[in-house]
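Peer 1: Could you have a look at this structure, given as structure tokens, before my questions?
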Protein chains: 2
Amino acid sequence: MNYWETYKRNLKATIEYDGSHYCGFQAQVNPEIITIQETLEEALTDLCREDVRVISAGRTDSGVHALGQVINFYTNHQIPVEKIPYALNQRLPRDIIVRQVEEVPLAFHARKYALGKHYQYRVYNNPEPTAFGNDYFYWVPYPMDENLIRQGCKILEGTHNFKGFSASGSSVKTFTRTIYYINLRREGDWWYFDFYGNGFLYNMVRIIVGTLVEIGKGRQPLSLLQRVLDTQDRTLAGKTAPPSGLYLKNVFYP
Amino acid sequence: MNYWETYKRNLKATIEYDGSHYCGFQAQVNPEIITIQETLEEALTDLCREDVRVISAGRTDSGVHALGQVINFYTNHQIPVEKIPYALNQRLPRDIIVRQVEEVPLAFHARKYALGKHYQYRVYNNPEPTAFGNDYFYWVPYPMDENLIRQGCKILEGTHNFKGFSASGSSVKTFTRTIYYINLRREGDWWYFDFYGNGFLYNMVRIIVGTLVEIGKGRQPLSLLQRVLDTQDRTLAGKTAPPSGLYLKNVFYP
């Protein structure tokens with residue numbers, strides 16, 4: 001019997017958070033390190049009056065944000081779902097917001113049931129720095145060639161072994177992932193990169209953006225992308241773009 | 001002889017900063033308290049290779065921002081003015097930016113020569129909270145009556161004794177100040193209040209905004225404003241709006 005079969009309810013919640021002041025999503029052993037997960041678990045434990053454990057669709061790193069992170073948790077508490085967001089938001093700090101809660105079958109698991117994800121990466125492209133909001137984007141002070149970057153996005157779309165675009169540190173069975181599409185939208189000084197994929201390796205979006213920016217700046221040739229895909233050599237790819245620009249926007253479920 | 005007459009140069013600088021992570025502008029005795037002033041002085045001392053003291057147009061409180069704070073400092077160092085912003089920004093954290101530096105007469109004093117100031121206060125008016133950027137505005141989740149607030153701004157414009165709209169804590173000779181105008185601009189959920197005045201008392205803008213918001217929400221009558229002006233009674237006025245919404249935009253000089 002699975003441990004969750006002892007519970008009456010399985011609740012799925014959509015979460016928005018500003019990751020600036022947290023050491024990532026995943027709870028850490030060191031109690032001085034404050035994470036999104038333990039902050040959520042504290043609020044849920046207080047609300048449900050029983051120990052609540054949170055399962056997420058995926059970890060986000062320190063400084064990475066979420067507009068649509070998905071979690072699930074088991075409880076026996078009988079509070080109606082529509083009352084949970086308000087009750088939780090009262091117990092949460094202002095930079096974590098529960099947007100929606102719904103009842104799901106006991107078997108639902110936020111990570112295992114996830115079919116894919118949508119990440120957005122935000123680049124601020126202006127020669128002048130700004131004192132404000134540096135936790136929310138990646139500042140690139142150099143001009144970038146939009147056409148080259150768009151061509152680069154096309155090269156990366158599809159099913160590839162993305163090992164060369166990932167950081168070591170997570171144990172995965174395979175480095176093959178499918179990027180359905182990468183959309184680039186420009187608004188003034190802002191470049192929004194939207195990544196839709198069936199899954200993303202550790203630091204994959206940030207390394208791809210870091211590499212695309214170097215190509216856009218003319219520091220690397222467009223052909224670098226195919227070479228990294230072919231050789232799977234992380235050292236050839238660009239620097240990892242900072243976490244501040246990355247937003248988990250949506251998780252897709254059946 | 002004034003101490004500054006021993007120096008060769010007096011430099012005026014325009015500064016932008018995100019006050020979120022600082023305990024206000026003014027240097028404190030406690031070395032654990034990090035302020036804008038001491039951060040600037042450290043960078044200047046490093047650049048000029050001599051102890052540099054900063055004079056500002058006015059202190060800003062913990063969490064208050066600036067787009068156009070003005071300072072001056074004396075030095076004997078011969079670096080050309082046009083090279084100073086870049087050289088300083090290299091030595092400053094990303095949330096403090098020196099925008100412009102110019103040479104001024106030795107007698108110039110950023111506070112004593114200031115003729116007036118422009119502050120902006122930003123209110124985010126939406127029933128839903130947001131996890132992002134809460135260091136940069138004041139979130140008001142209730143509907144507000146724009147017309148009442150505009151009438152309130154008109155009542156406060158002009159020369160008045162603003163003692164009832166100030167916090168104790170600073171020694172001033174007189175509580176009489178002139179507000180030339182208060183402009184309110186709305187853009188979607190955003191309310192921008194622009195205050196132009198010859199000077200502002202301690203917490204004056206924040207207490208005025210706090211009171212206008214209570215009038216806008218219908219919690220207090222419009223007549224409260226005149227009553228606070230007449231009685232000079234701080235306890236009648238509204239709550240002090242949070243520092244996060246306040247921006248020093250400009251300082252006016254002869």
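Ligands are numbered from 1 in the order shown, chains are lettered A, B, ... in the order of the structure tokens, and residues start at 1 in each chain.
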Give me, as JSON lines, each residue of chain B that comes within 8 Å of chain A, together with its shortest interatomic pair and the distance in Å at one decimal, counting only C-alpha atoms, with rows ordered by chain and rising residue number.
Peer 2:
```
{"residue": "B:Glu16", "atom": "CA", "partner": "A:Ala131", "partner_atom": "CA", "distance": 6.4}
{"residue": "B:Tyr17", "atom": "CA", "partner": "A:Ala131", "partner_atom": "CA", "distance": 5.3}
{"residue": "B:Asp18", "atom": "CA", "partner": "A:Phe132", "partner_atom": "CA", "distance": 5.5}
{"residue": "B:Arg94", "atom": "CA", "partner": "A:Ala131", "partner_atom": "CA", "distance": 6.0}
{"residue": "B:Asp95", "atom": "CA", "partner": "A:Ala131", "partner_atom": "CA", "distance": 4.1}
{"residue": "B:Ile96", "atom": "CA", "partner": "A:Ala131", "partner_atom": "CA", "distance": 5.5}
{"residue": "B:Ile97", "atom": "CA", "partner": "A:Ala131", "partner_atom": "CA", "distance": 6.0}
{"residue": "B:Pro129", "atom": "CA", "partner": "A:Ile97", "partner_atom": "CA", "distance": 7.7}
{"residue": "B:Thr130", "atom": "CA", "partner": "A:Ile97", "partner_atom": "CA", "distance": 7.2}
{"residue": "B:Ala131", "atom": "CA", "partner": "A:Asp95", "partner_atom": "CA", "distance": 4.0}
{"residue": "B:Phe132", "atom": "CA", "partner": "A:Asp18", "partner_atom": "CA", "distance": 5.4}
{"residue": "B:Gly133", "atom": "CA", "partner": "A:Gly133", "partner_atom": "CA", "distance": 7.4}
{"residue": "B:Asn134", "atom": "CA", "partner": "A:Asp95", "partner_atom": "CA", "distance": 7.6}
```
Peer 1: Keeping only C-alpha atoms, write the selected residues as a PDB file, in the first residue's frame.
Peer 2:
```
ATOM      1  CA  GLU B  16      19.838  56.140  -8.336  1.00  0.00           C
ATOM      2  CA  TYR B  17      19.278  53.424  -5.760  1.00  0.00           C
ATOM      3  CA  ASP B  18      17.026  50.592  -4.788  1.00  0.00           C
ATOM      4  CA  ARG B  94      24.313  46.814  -8.475  1.00  0.00           C
ATOM      5  CA  ASP B  95      21.483  48.488  -6.580  1.00  0.00           C
ATOM      6  CA  ILE B  96      23.301  51.838  -6.365  1.00  0.00           C
ATOM      7  CA  ILE B  97      24.141  53.641  -9.584  1.00  0.00           C
ATOM      8  CA  PRO B 129      -1.742  40.180  -4.242  1.00  0.00           C
ATOM      9  CA  THR B 130       1.373  39.548  -6.299  1.00  0.00           C
ATOM     10  CA  ALA B 131       4.459  37.676  -5.139  1.00  0.00           C
ATOM     11  CA  PHE B 132       6.737  39.978  -7.118  1.00  0.00           C
ATOM     12  CA  GLY B 133       8.216  43.382  -6.539  1.00  0.00           C
ATOM     13  CA  ASN B 134       6.628  44.045  -3.163  1.00  0.00           C
TER      14      ASN B 134
END
```
Peer 1: Determine, counting only C-alpha atoms, which protein, DNA and RNA residues have an atom within 8 Å of an atom of segment 50-53 of chain B; residues of the same chain fewer than 4 positions away are not included. Present the result as number ranges by chain.
Peer 2: B: 41-42, 44-46, 73-75
Peer 1: Could you list, as a list of chain:residue names, every residue within 10 Å of segment 224-228 of chain A, counting only C-alpha atoms and ignoring same-chain residues fewer than 6 positions away?
Peer 2: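 The contact residues come out as A:Gly152, A:Cys153, A:Ile155, A:Leu156, A:Asn161, A:Phe162, A:Lys163, A:Gly164, A:Phe165, A:Ile208, A:Thr211, A:Leu212, A:Ile215, A:Arg234, A:Thr235, A:Leu236, A:Ala237, A:Gly238.
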Peer 1: Just asking: which residues within segment 7-254 of chain A are helix (DSSP H, G or I) according to DSSP, as a ChimeraX atom specification?
Peer 2: /A:19-21,36-48,81-91,146-156,163-165,204-216,224-231,234-236,243-245
Peer 1: Neighbours of Ile34 of chain A within 8 Å (only C-alpha atoms; same-chain residues fewer than 4 positions away dropped), as a count of residues only?
Peer 2: 6
